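The structure file target.txt is reproduced below (compact mmCIF, C-alpha atoms).
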```
# COMPACT_ATOMS: atom_id res chain seq x y z
CA MET A 760 60.00 66.87 57.97
CA THR A 761 59.19 66.56 54.22
CA GLY A 762 59.19 69.89 52.40
CA ARG A 763 61.10 71.71 55.13
CA PRO A 764 64.83 72.26 55.61
CA PRO A 765 66.58 70.07 58.14
CA HIS A 766 65.16 70.89 61.55
CA PRO A 767 66.49 74.45 62.22
CA ARG A 768 65.68 74.05 65.89
CA LEU A 769 68.16 71.18 66.11
CA THR A 770 70.97 73.69 65.67
CA ALA A 771 69.94 75.09 69.03
CA PRO A 772 72.32 74.70 71.91
CA ALA A 773 74.76 71.96 71.28
CA ALA A 774 77.89 71.32 73.31
CA THR A 775 80.33 74.17 73.73
CA GLU A 776 82.93 72.40 71.55
CA PRO A 777 84.25 74.30 68.48
CA GLU A 778 82.08 73.81 65.41
CA PRO A 779 83.48 71.61 62.64
CA ALA A 780 84.23 73.03 59.24
CA THR A 781 81.28 71.15 57.72
CA THR A 782 77.88 70.54 59.29
CA ASP A 783 76.05 67.25 59.00
CA ALA A 784 72.80 67.33 57.12
CA ASN A 785 70.97 65.64 59.97
CA PRO A 786 72.69 66.16 63.33
CA THR A 787 70.16 63.91 65.05
CA THR A 788 71.37 60.75 63.32
CA HIS A 789 74.46 60.52 65.53
CA PRO A 790 73.39 61.74 68.99
CA THR A 791 75.91 59.52 70.72
CA GLU A 792 78.89 61.10 68.94
CA GLN A 793 78.59 64.24 71.09
CA PRO A 794 79.73 63.59 74.64
CA PRO A 795 77.14 64.85 77.12
CA THR A 796 78.00 67.96 79.06
CA PRO A 797 77.67 67.64 82.84
CA PRO A 798 74.74 69.60 84.28
CA THR A 799 75.47 73.15 85.28
CA PRO A 800 73.94 74.91 88.31
CA THR A 801 72.19 77.40 86.02
CA SER A 802 71.88 77.60 82.30
CA THR A 803 73.54 81.02 82.20
CA ALA A 804 76.46 80.14 84.51
CA ARG A 805 79.80 81.40 83.19
CA THR A 806 82.90 79.28 83.00
CA PRO A 807 86.11 80.67 84.52
CA ARG A 808 87.47 81.23 81.03
CA GLN A 809 84.40 83.25 80.01
CA LEU A 810 84.55 85.30 83.19
CA TRP A 811 88.21 86.04 82.60
CA THR A 812 87.54 87.02 78.98
CA ARG A 813 84.78 89.41 80.02
CA THR A 814 86.56 91.00 82.98
CA ARG A 815 90.23 90.96 82.02
CA GLY A 816 90.05 94.43 80.49
CA LEU A 817 88.68 95.96 83.70
CA LEU A 818 91.10 93.99 85.87
CA ILE A 819 94.11 95.03 83.79
CA SER A 820 92.99 98.68 83.84
CA ALA A 821 92.48 98.57 87.61
CA LEU A 822 95.92 96.98 88.06
CA ILE A 823 97.56 99.68 85.93
CA LEU A 824 95.82 102.42 87.93
CA LEU A 825 96.88 100.77 91.19
CA ILE A 826 100.50 100.50 90.08
CA ALA A 827 100.48 104.13 88.92
CA ALA A 828 98.98 105.31 92.22
CA VAL A 829 101.56 103.37 94.24
CA ALA A 830 104.39 104.72 92.07
CA ILE A 831 103.17 108.32 92.45
CA ALA A 832 102.76 107.87 96.20
CA LEU A 833 106.28 106.46 96.49
CA VAL A 834 107.77 109.28 94.43
CA ARG A 835 105.95 111.94 96.42
CA SER A 836 106.69 110.34 99.76
CA ASP A 837 110.34 110.03 98.84
CA ALA A 838 110.44 113.69 97.80
CA ALA A 839 108.72 114.88 101.00
CA HIS A 840 110.40 112.46 103.41
CA GLY A 841 112.70 114.27 105.83
CA ARG A 842 112.26 117.69 104.27
CA LEU A 843 113.93 120.31 106.50
CA ASP A 844 114.36 117.66 109.17
CA PRO A 845 117.67 118.05 111.08
CA ARG A 846 117.75 114.28 111.57
CA SER A 847 117.51 113.48 107.84
CA ALA A 848 120.49 112.92 105.56
CA ASP A 849 118.33 113.10 102.43
CA PRO A 850 119.09 115.85 99.91
CA ASN A 851 116.09 117.82 101.22
CA GLY A 852 116.97 117.18 104.85
CA SER A 853 118.97 119.45 107.19
CA ARG A 854 121.24 117.08 109.06
CA ALA A 855 124.41 118.77 107.76
CA VAL A 856 123.58 122.16 109.26
CA ALA A 857 122.58 120.52 112.55
CA GLN A 858 125.94 118.73 112.76
CA LEU A 859 127.86 121.92 111.96
CA LEU A 860 125.96 123.73 114.70
CA ALA A 861 126.70 120.90 117.13
CA ALA A 862 130.41 121.27 116.37
CA ARG A 863 130.07 124.91 117.42
CA GLY A 864 128.36 124.03 120.69
CA VAL A 865 124.76 124.68 119.62
CA SER A 866 122.33 121.95 120.67
CA THR A 867 119.44 121.08 118.34
CA ARG A 868 116.14 119.75 119.63
CA VAL A 869 113.26 118.67 117.38
CA VAL A 870 109.67 119.36 118.49
CA THR A 871 106.45 118.57 116.68
CA THR A 872 103.76 120.43 118.65
CA THR A 873 103.02 124.07 119.33
CA ALA A 874 102.98 123.45 123.07
CA GLU A 875 106.55 122.12 123.00
CA ALA A 876 107.75 125.05 120.89
CA ARG A 877 106.16 127.56 123.28
CA ALA A 878 107.63 125.85 126.32
CA ALA A 879 111.13 125.88 124.81
CA ALA A 880 111.15 129.57 123.82
CA GLY A 881 113.54 131.74 125.82
CA PRO A 882 116.32 134.35 125.58
CA ASP A 883 118.98 131.71 124.93
CA THR A 884 116.94 129.78 122.35
CA THR A 885 116.34 130.05 118.62
CA VAL A 886 112.96 128.68 117.53
CA LEU A 887 112.92 127.64 113.87
CA VAL A 888 109.49 126.99 112.31
CA ALA A 889 110.05 124.79 109.26
CA SER A 890 106.57 125.06 107.70
CA PRO A 891 104.74 128.00 109.27
CA ASP A 892 101.88 127.84 106.77
CA LEU A 893 100.72 124.56 108.34
CA LEU A 894 99.86 126.34 111.58
CA THR A 895 96.28 127.37 112.26
CA ASP A 896 95.42 130.91 113.31
CA HIS A 897 95.06 129.80 116.92
CA GLN A 898 98.44 128.02 116.90
CA GLY A 899 100.19 130.98 115.25
CA THR A 900 98.71 133.46 117.72
CA GLN A 901 99.74 131.34 120.71
CA LEU A 902 103.29 130.88 119.40
CA ARG A 903 103.62 134.58 118.62
CA SER A 904 102.47 135.58 122.10
CA VAL A 905 105.43 133.70 123.61
CA THR A 906 108.24 134.30 121.09
CA ALA A 907 107.63 138.06 120.77
CA ASP A 908 108.52 138.66 124.43
CA SER A 909 110.95 135.79 125.01
CA GLY A 910 114.08 137.74 124.06
CA GLY A 911 115.15 134.88 121.78
CA ARG A 912 115.20 134.50 118.03
CA THR A 913 112.40 133.12 115.84
CA VAL A 914 113.18 131.93 112.30
CA LEU A 915 110.30 131.49 109.86
CA ILE A 916 111.12 129.59 106.67
CA ALA A 917 109.18 130.81 103.59
CA PRO A 918 106.08 132.03 105.45
CA GLY A 919 103.08 132.89 103.30
CA ALA A 920 100.25 135.37 103.81
CA HIS A 921 98.41 133.00 106.18
CA ALA A 922 101.41 132.56 108.49
CA LEU A 923 102.40 136.23 108.36
CA SER A 924 98.97 137.34 109.59
CA THR A 925 99.67 135.77 113.00
CA LEU A 926 103.45 135.35 113.29
CA ALA A 927 104.51 138.65 111.68
CA PRO A 928 101.41 140.86 111.34
CA ASP A 929 103.41 143.93 110.22
CA VAL A 930 104.69 142.16 107.09
CA THR A 931 102.87 141.28 103.88
CA ALA A 932 104.08 138.87 101.22
CA ASP A 933 104.29 139.70 97.54
CA PRO A 934 102.05 137.32 95.53
CA ALA A 935 104.70 136.87 92.83
CA PRO A 936 107.66 134.68 93.88
CA SER A 937 111.24 135.62 93.22
CA LEU A 938 112.74 134.24 90.03
CA ASP A 939 116.31 134.87 91.21
CA ALA A 940 117.86 131.87 92.97
CA LEU A 941 121.01 133.79 93.98
CA ALA A 942 121.16 137.30 95.44
CA GLN A 943 123.64 139.68 97.05
CA PRO A 944 123.05 140.97 100.58
CA GLY A 945 122.42 144.60 99.67
CA CYS A 946 121.97 145.57 103.33
CA SER A 947 123.98 146.47 106.44
CA LEU A 948 123.05 143.36 108.44
CA PRO A 949 126.40 141.91 109.64
CA VAL A 950 125.48 138.25 109.19
CA ALA A 951 124.40 138.89 105.60
CA ARG A 952 127.50 140.92 104.73
CA ARG A 953 129.76 138.20 106.11
CA ALA A 954 127.93 135.45 104.20
CA GLY A 955 127.83 137.26 100.86
CA ASP A 956 125.80 135.77 98.03
CA ALA A 957 123.18 133.24 99.18
CA GLU A 958 120.19 131.35 97.78
CA THR A 959 117.36 133.06 99.60
CA GLY A 960 115.17 133.60 96.53
CA GLY A 961 111.57 132.47 96.89
CA ARG A 962 108.95 134.52 98.68
CA ARG A 963 109.35 138.29 98.62
CA TYR A 964 107.98 140.72 101.17
CA ALA A 965 106.15 143.81 99.96
CA THR A 966 105.62 145.80 103.17
CA TYR A 967 107.48 145.69 106.49
CA PRO A 968 108.29 148.00 109.44
CA PRO A 969 110.83 150.78 108.81
CA ASP A 970 113.21 149.46 111.46
CA ALA A 971 113.47 146.05 109.79
CA ASP A 972 116.67 144.90 108.09
CA ALA A 973 115.78 144.07 104.48
CA CYS A 974 118.36 141.98 102.62
CA TYR A 975 118.83 139.94 99.46
CA ARG A 976 116.45 141.93 97.28
CA SER A 977 114.81 140.62 94.15
CA GLU A 978 113.43 143.43 91.98
CA SER A 979 113.67 145.82 94.95
CA LEU A 980 111.73 143.49 97.28
CA PRO A 981 113.66 141.69 100.06
CA THR A 982 113.71 137.93 100.50
CA LEU A 983 115.21 138.09 104.01
CA LEU A 984 113.86 140.29 106.81
CA ARG A 985 115.01 140.79 110.37
CA LEU A 986 112.33 142.26 112.64
CA PRO A 987 113.53 143.53 116.06
CA GLU A 988 111.45 142.36 119.01
CA ALA A 989 111.21 143.32 122.68
CA HIS A 990 113.89 142.33 125.21
CA GLY A 991 116.59 142.00 122.55
CA GLY A 992 114.91 139.28 120.54
CA ASP A 993 114.17 139.29 116.82
CA THR A 994 112.20 137.45 114.13
CA LEU A 995 113.83 136.39 110.86
CA LEU A 996 111.84 135.73 107.67
CA ILE A 997 113.62 133.79 104.90
CA GLY A 998 111.97 133.49 101.49
CA ALA A 999 113.34 130.01 100.66
CA PRO A 1000 114.65 126.98 102.60
CA ASP A 1001 117.59 126.31 100.27
CA ILE A 1002 120.31 127.55 102.63
CA PHE A 1003 119.34 124.87 105.18
CA LEU A 1004 119.16 121.88 102.80
CA ASN A 1005 121.89 119.24 102.68
CA ASP A 1006 122.42 119.41 98.93
CA ARG A 1007 122.56 123.24 98.84
CA LEU A 1008 124.54 123.97 101.98
CA ASP A 1009 127.91 124.01 100.19
CA GLN A 1010 126.78 126.51 97.53
CA GLN A 1011 127.96 130.14 97.68
CA GLY A 1012 127.48 131.58 101.17
CA ASN A 1013 124.59 129.33 102.19
CA ALA A 1014 126.44 127.57 104.99
CA SER A 1015 127.78 130.80 106.47
CA LEU A 1016 124.37 132.47 106.44
CA ALA A 1017 122.60 129.41 107.89
CA LEU A 1018 125.11 128.94 110.73
CA GLN A 1019 125.02 132.62 111.68
CA LEU A 1020 121.23 132.81 111.66
CA LEU A 1021 120.78 129.63 113.73
CA GLY A 1022 123.89 129.82 115.89
CA SER A 1023 123.34 133.13 117.70
CA ARG A 1024 121.95 131.26 120.76
CA PRO A 1025 123.27 128.13 122.45
CA HIS A 1026 120.00 126.23 121.96
CA LEU A 1027 118.08 125.61 118.76
CA VAL A 1028 114.49 124.32 118.81
CA TRP A 1029 113.54 122.93 115.40
CA TYR A 1030 109.75 122.96 115.12
CA LEU A 1031 108.32 120.64 112.43
CA PRO A 1032 104.56 121.35 112.20
CA SER A 1033 102.27 118.79 110.64
CA LEU A 1034 98.60 118.48 109.74
CA SER A 1035 98.10 116.16 112.71
CA ASP A 1036 99.41 118.80 115.15
CA ASP A 1037 95.93 119.97 116.18
CA ALA A 1038 96.30 119.81 119.96
CA ALA A 1039 96.10 123.60 120.11
CA ALA A 1040 93.47 123.88 117.38
CA THR A 1041 90.20 124.06 119.30
CA GLY A 1042 86.81 125.62 118.81
CA SER A 1043 86.37 127.41 115.52
CA ASP A 1044 89.94 126.65 114.41
CA ARG A 1045 89.30 122.92 114.11
CA ARG A 1046 88.76 122.36 110.40
CA GLY A 1047 87.31 119.35 108.67
CA LEU A 1048 87.62 118.05 105.13
CA PHE A 1049 84.99 120.39 103.68
CA ASP A 1050 86.62 123.38 105.38
CA LEU A 1051 89.81 122.69 103.43
CA LEU A 1052 87.99 122.75 100.07
CA PRO A 1053 87.55 126.11 98.32
CA SER A 1054 83.98 127.38 98.29
CA GLY A 1055 83.95 127.28 94.50
CA TRP A 1056 84.31 123.50 94.51
CA LEU A 1057 81.28 123.08 96.74
CA TRP A 1058 79.13 125.34 94.56
CA GLY A 1059 80.39 123.59 91.43
CA THR A 1060 79.53 120.17 92.86
CA LEU A 1061 76.04 121.38 93.81
CA GLN A 1062 75.48 122.72 90.29
CA LEU A 1063 76.60 119.42 88.76
CA PHE A 1064 74.21 117.53 91.04
CA VAL A 1065 71.28 119.76 90.04
CA ALA A 1066 72.21 119.38 86.37
CA ALA A 1067 72.33 115.58 86.74
CA VAL A 1068 68.88 115.52 88.37
CA LEU A 1069 67.40 117.71 85.62
CA ALA A 1070 69.00 115.54 82.94
CA ALA A 1071 67.53 112.43 84.57
CA PHE A 1072 64.02 113.95 84.55
CA TRP A 1073 64.48 115.14 80.96
CA ARG A 1074 65.54 111.73 79.75
CA GLY A 1075 63.11 109.84 81.99
CA ARG A 1076 60.00 111.51 80.59
CA ARG A 1077 60.96 110.37 77.08
CA LEU A 1078 60.96 106.72 78.03
CA GLY A 1079 57.81 104.83 77.10
CA ARG A 1080 56.71 101.44 75.88
CA LEU A 1081 58.87 99.64 73.36
CA VAL A 1082 57.89 100.34 69.75
CA PRO A 1083 58.78 97.67 67.16
CA GLU A 1084 60.61 98.98 64.15
CA ARG A 1085 61.11 97.46 60.76
CA LEU A 1086 64.54 96.05 60.14
CA PRO A 1087 66.60 97.93 57.56
CA VAL A 1088 67.29 94.65 55.74
CA SER A 1089 65.41 91.36 55.41
CA ILE A 1090 66.93 88.41 57.22
CA ARG A 1091 66.14 84.84 56.31
CA ALA A 1092 64.27 82.98 59.02
CA SER A 1093 66.80 80.17 59.01
CA GLU A 1094 69.65 82.63 59.63
CA ALA A 1095 67.78 84.26 62.52
CA VAL A 1096 67.04 80.85 64.07
CA GLU A 1097 70.63 79.74 63.65
CA GLY A 1098 71.97 82.97 65.15
CA ARG A 1099 69.74 82.65 68.19
CA ALA A 1100 70.69 79.00 68.53
CA ARG A 1101 74.37 79.94 68.54
CA LEU A 1102 73.72 82.43 71.33
CA TYR A 1103 71.90 79.78 73.36
CA ARG A 1104 74.74 77.36 72.72
CA LYS A 1105 77.39 79.85 73.81
CA ALA A 1106 75.51 80.53 77.06
CA ASN A 1107 74.64 76.86 77.69
CA ALA A 1108 71.02 78.03 77.92
CA ARG A 1109 69.34 74.65 77.49
CA ASP A 1110 66.37 75.68 79.62
CA ARG A 1111 65.68 78.73 77.45
CA ALA A 1112 66.11 76.73 74.25
CA ALA A 1113 63.78 74.00 75.48
CA SER A 1114 61.22 76.58 76.58
CA ALA A 1115 61.35 78.24 73.15
CA LEU A 1116 60.87 74.90 71.40
CA ARG A 1117 57.93 73.89 73.61
CA THR A 1118 56.26 77.31 73.36
CA ALA A 1119 56.48 77.30 69.56
CA THR A 1120 55.10 73.73 69.40
CA ARG A 1121 52.15 74.53 71.69
CA THR A 1122 51.37 77.64 69.64
CA ARG A 1123 51.21 75.58 66.42
CA LEU A 1124 49.28 72.69 67.97
CA ALA A 1125 46.53 74.83 69.54
CA PRO A 1126 44.65 75.75 66.31
CA LEU A 1127 45.00 72.17 65.03
CA ILE A 1128 43.06 70.72 68.00
CA GLY A 1129 40.57 73.56 68.37
CA VAL A 1130 42.12 75.36 71.37
CA PRO A 1131 42.05 79.18 71.35
CA PRO A 1132 45.53 80.78 71.05
CA SER A 1133 45.06 82.46 74.43
CA GLN A 1134 44.76 78.97 76.05
CA ALA A 1135 47.62 77.38 74.14
CA HIS A 1136 49.96 77.47 77.11
CA SER A 1137 47.44 76.33 79.73
CA PRO A 1138 47.94 72.62 80.57
CA GLU A 1139 44.35 72.29 81.81
CA THR A 1140 42.96 73.28 78.42
CA LEU A 1141 45.62 72.10 75.95
CA LEU A 1142 46.41 68.61 77.27
CA PRO A 1143 42.86 67.13 77.25
CA ALA A 1144 42.23 68.33 73.70
CA LEU A 1145 45.63 67.06 72.57
CA THR A 1146 45.13 63.64 74.18
CA ALA A 1147 41.80 63.27 72.37
CA ALA A 1148 43.43 64.16 69.04
CA LEU A 1149 46.28 61.64 69.33
CA ARG A 1150 45.93 58.29 67.63
CA THR A 1151 48.06 56.54 70.24
CA PRO A 1152 45.89 55.86 73.30
CA GLY A 1153 47.43 56.30 76.74
CA GLN A 1154 50.16 58.65 75.52
CA ASP A 1155 50.81 61.45 78.06
CA PRO A 1156 52.13 64.58 76.30
CA ARG A 1157 52.55 66.55 79.56
CA PRO A 1158 56.29 65.75 80.15
CA LEU A 1159 56.98 66.58 76.53
CA LEU A 1160 55.22 69.96 76.43
CA PHE A 1161 55.49 71.09 80.08
CA GLY A 1162 58.34 68.99 81.48
CA PRO A 1163 61.60 70.06 83.14
CA PRO A 1164 64.58 71.41 81.17
CA PRO A 1165 66.83 68.79 79.55
CA ALA A 1166 69.90 67.81 81.52
CA ASP A 1167 72.35 67.85 78.60
CA ASP A 1168 72.62 68.61 74.91
CA ALA A 1169 71.71 65.09 73.85
CA ALA A 1170 68.46 65.33 75.82
CA LEU A 1171 67.74 68.68 74.17
CA ILE A 1172 68.16 67.19 70.70
CA ALA A 1173 65.93 64.27 71.66
CA LEU A 1174 63.30 66.73 72.92
CA ALA A 1175 63.33 68.54 69.56
CA ASP A 1176 62.82 65.24 67.71
CA GLN A 1177 59.94 64.23 69.96
CA LEU A 1178 58.21 67.59 69.55
CA ASP A 1179 58.51 67.27 65.79
CA ALA A 1180 57.09 63.76 65.91
CA LEU A 1181 54.19 64.92 68.09
CA GLU A 1182 53.34 67.77 65.71
CA ARG A 1183 53.44 65.45 62.68
CA GLU A 1184 51.15 62.97 64.37
CA VAL A 1185 48.60 65.68 65.19
CA ARG A 1186 48.70 67.05 61.66
CA HIS A 1187 48.16 63.58 60.13
CA SER A 1188 45.39 62.54 62.53
```
Is it possible to give me this structure as structure tokens?
Amino acid sequence: MTGRPPHPRLTAPAATEPEPATTDANPTTHPTEQPPTPPTPTSTARTPRQLWTRTRGLLISALILLIAAVAIALVRSDAAHGRLDPRSADPNGSRAVAQLLAARGVSTRVVTTTAEARAAAGPDTTVLVASPDLLTDHQGTQLRSVTADSGGRTVLIAPGAHALSTLAPDVTADPAPSLDALAQPGCSLPVARRAGDAETGGRRYATYPPDADACYRSESLPTLLRLPEAHGGDTLLIGAPDIFLNDRLDQQGNASLALQLLGSRPHLVWYLPSLSDDAAATGSDRRGLFDLLPSGWLWGTLQLFVAAVLAAFWRGRRLGRLVPERLPVSIRASEAVEGRARLYRKANARDRAASALRTATRTRLAPLIGVPPSQAHSPETLLPALTAALRTPGQDPRPLLFGPPPADDAALIALADQLDALEREVRHS
């Protein structure tokens, strides 16, 4: 080792203990001071601490996203739970109006399917559809075919253009909602005149039959319509559900208007449609997930896919063999060796460190014993020539140059010393 700095390869993977403030000049003089590390299954195996350090950012981010998703789901489910349900006492429920109707002798029955609503329709029954926009065209047409001739009353709460096309085809909705929460009757309909001001603002209706009663106008467009039907029945369209909600029932004339609209018959059927109510949706009306997406989303997704494929081809054709480039600055060989050794040490890569040491030793020994560089790593060619060049007869260099990886850090340091000794002996022979 004369004329060279202390064995730079000996700084290769040591134990994973923290480095001391000062480094010994010759770390090989005290090999027993470093407790051996137990063998690991693989040289690149991560400890639990290292795995946690590498993945804690992703785990914390995933946990935050999960908590946010659960919180949003709880908030939305709480807001939508029991909405317009006559059994719910929540602020958005309608239990109060159902109890007031019961005190006046009106029975309330909740149904959840179109078939039940059709079967219950009759001259002595009011059918209230809480969310008419959830009905398919087939469901709306079937319900309309029964209620129009039943002689009873049908109440549609805030129907949109989709629901109006089947349940009230003579009426069209204005695309702009009403900005007025409170309105005066402004019509001759007795129930509206008795109730007075009420919160019917919401959807407005642009066109309707001339014999319809149009009340509670917002910018000249009504938010409540009464459409006469055959056999003494009628259909009522209300632009907003506020007059039926528990927390709005005691405002202005909401309670009076709600009780009069729903209490004209002795029986009230409260229909709560849902997305799962597809018993009547057959044939072409049965819609899947892609049917619910706007066509623009599908075209946009297809364009993004094509763009991604083109970008992959564009980038892929530029990939070629690796081209070495000159470093912008010069790095001392000892610093490069020490940096690589620290990486090996951090990863417990004793097998890679030992392989690097043996490869470098074989590469330097080959020209000294007359072996071509291309055969430097062939045991059949290198070992006979090396055995002939050694001064010690009977010495077998195979375990040293082609043996298994060292079991611990002490064995790795011993391997480095033995390789150095072998190279010195060949150079001096």
Can you pull out every residue within 7 Å of stretch 956-968 of chain A, counting all atoms listed in the file, but drop anything in the same chain fewer than 4 positions away, and send it as a PyMOL selection string? chain A and resi 917+929-933+936-944+980-982+997-999+1001-1002+1011-1013
Let's have the selection written as a PDB file, in the frame of the given file, with C-alpha atoms.
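Wrote it out as again-v9.pdb, contents follow:
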```pdb
ATOM      1  CA  ALA A 917     109.180 130.810 103.590  1.00  0.00           C
ATOM      2  CA  ASP A 929     103.410 143.930 110.220  1.00  0.00           C
ATOM      3  CA  VAL A 930     104.690 142.160 107.090  1.00  0.00           C
ATOM      4  CA  THR A 931     102.870 141.280 103.880  1.00  0.00           C
ATOM      5  CA  ALA A 932     104.080 138.870 101.220  1.00  0.00           C
ATOM      6  CA  ASP A 933     104.290 139.700  97.540  1.00  0.00           C
ATOM      7  CA  PRO A 936     107.660 134.680  93.880  1.00  0.00           C
ATOM      8  CA  SER A 937     111.240 135.620  93.220  1.00  0.00           C
ATOM      9  CA  LEU A 938     112.740 134.240  90.030  1.00  0.00           C
ATOM     10  CA  ASP A 939     116.310 134.870  91.210  1.00  0.00           C
ATOM     11  CA  ALA A 940     117.860 131.870  92.970  1.00  0.00           C
ATOM     12  CA  LEU A 941     121.010 133.790  93.980  1.00  0.00           C
ATOM     13  CA  ALA A 942     121.160 137.300  95.440  1.00  0.00           C
ATOM     14  CA  GLN A 943     123.640 139.680  97.050  1.00  0.00           C
ATOM     15  CA  PRO A 944     123.050 140.970 100.580  1.00  0.00           C
ATOM     16  CA  LEU A 980     111.730 143.490  97.280  1.00  0.00           C
ATOM     17  CA  PRO A 981     113.660 141.690 100.060  1.00  0.00           C
ATOM     18  CA  THR A 982     113.710 137.930 100.500  1.00  0.00           C
ATOM     19  CA  ILE A 997     113.620 133.790 104.900  1.00  0.00           C
ATOM     20  CA  GLY A 998     111.970 133.490 101.490  1.00  0.00           C
ATOM     21  CA  ALA A 999     113.340 130.010 100.660  1.00  0.00           C
ATOM     22  CA  ASP A1001     117.590 126.310 100.270  1.00  0.00           C
ATOM     23  CA  ILE A1002     120.310 127.550 102.630  1.00  0.00           C
ATOM     24  CA  GLN A1011     127.960 130.140  97.680  1.00  0.00           C
ATOM     25  CA  GLY A1012     127.480 131.580 101.170  1.00  0.00           C
ATOM     26  CA  ASN A1013     124.590 129.330 102.190  1.00  0.00           C
TER      27      ASN A1013
END
```
Using all atoms listed in the file, can you tell me which of A:Arg1007, A:Arg1150, A:Arg1117, A:Arg1099 comes closest to A:Gly1162? A:Arg1117
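The spacing separating atom CA of A:Arg1104 from atom CA of A:Leu810 amounts to 16.4 Å.
The interatomic distance for the pair atom CA of A:Ile1128 and atom CA of A:Thr1151 works out to 15.2 Å.
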Quick one: what's the axis-aligned box for stretch 926-945 of chain A, all listed atoms, 4 Å on every side, centre and edges in Å to one decimal, as JSON?
```
{"center_x": 112.5, "center_y": 138.2, "center_z": 101.7, "size_x": 30.2, "size_y": 20.7, "size_z": 31.3}
```
Applying 9 Å and all atoms listed in the file, which residues near A:Gly899 remain after dropping the ones on its own chain fewer than 2 positions away? List them as number ranges by chain. A: 873, 891, 894-897, 901-904, 922-926
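Separating atom CA of A:Ala1108 from atom CA of A:Ile1090 is a distance of 23.5 Å.
Nearest residue to A:Val869 among A:Val829, A:Leu1116, A:Leu887, A:Leu1141 is A:Leu887, counting all atoms listed in the file.
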Polymer residues at most 10 Å from (112.9, 139.8, 124.5) by all atoms listed in the file, as a count of residues only: 17
Quick one: residues within 8 Å of A:Arg842, all atoms listed in the file, excluding same-chain residues fewer than 4 positions away - as a PyMOL selection string? chain A and resi 838+847+849+851-853
Given the choices A:Ser977, A:Gln1134, A:Ser1188, A:Thr994, which gets closest to A:Leu1021 if the distance is worked out from all atoms listed in the file? A:Thr994
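With all atoms listed in the file as the basis for measurement, A:Val1185 is the residue among A:Leu1008, A:Ala1135, A:Val1185, A:Ala1112 that approaches A:Ala1148 most closely.
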Name all residues at most 12 Å from A:Ala1113 (count all atoms listed in the file; drop same-chain ones fewer than 5 positions away) and give them as a ChimeraX atom specification. /A:768-769,771-773,802,1100,1103-1104,1107-1108,1118-1120,1159-1168,1170-1178
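Between A:Ala954 and the candidates A:Leu1018, A:Ala973, A:Ile831, A:Ala876, the tightest atom-to-atom separation, counting only C-alpha atoms, involves A:Leu1018.
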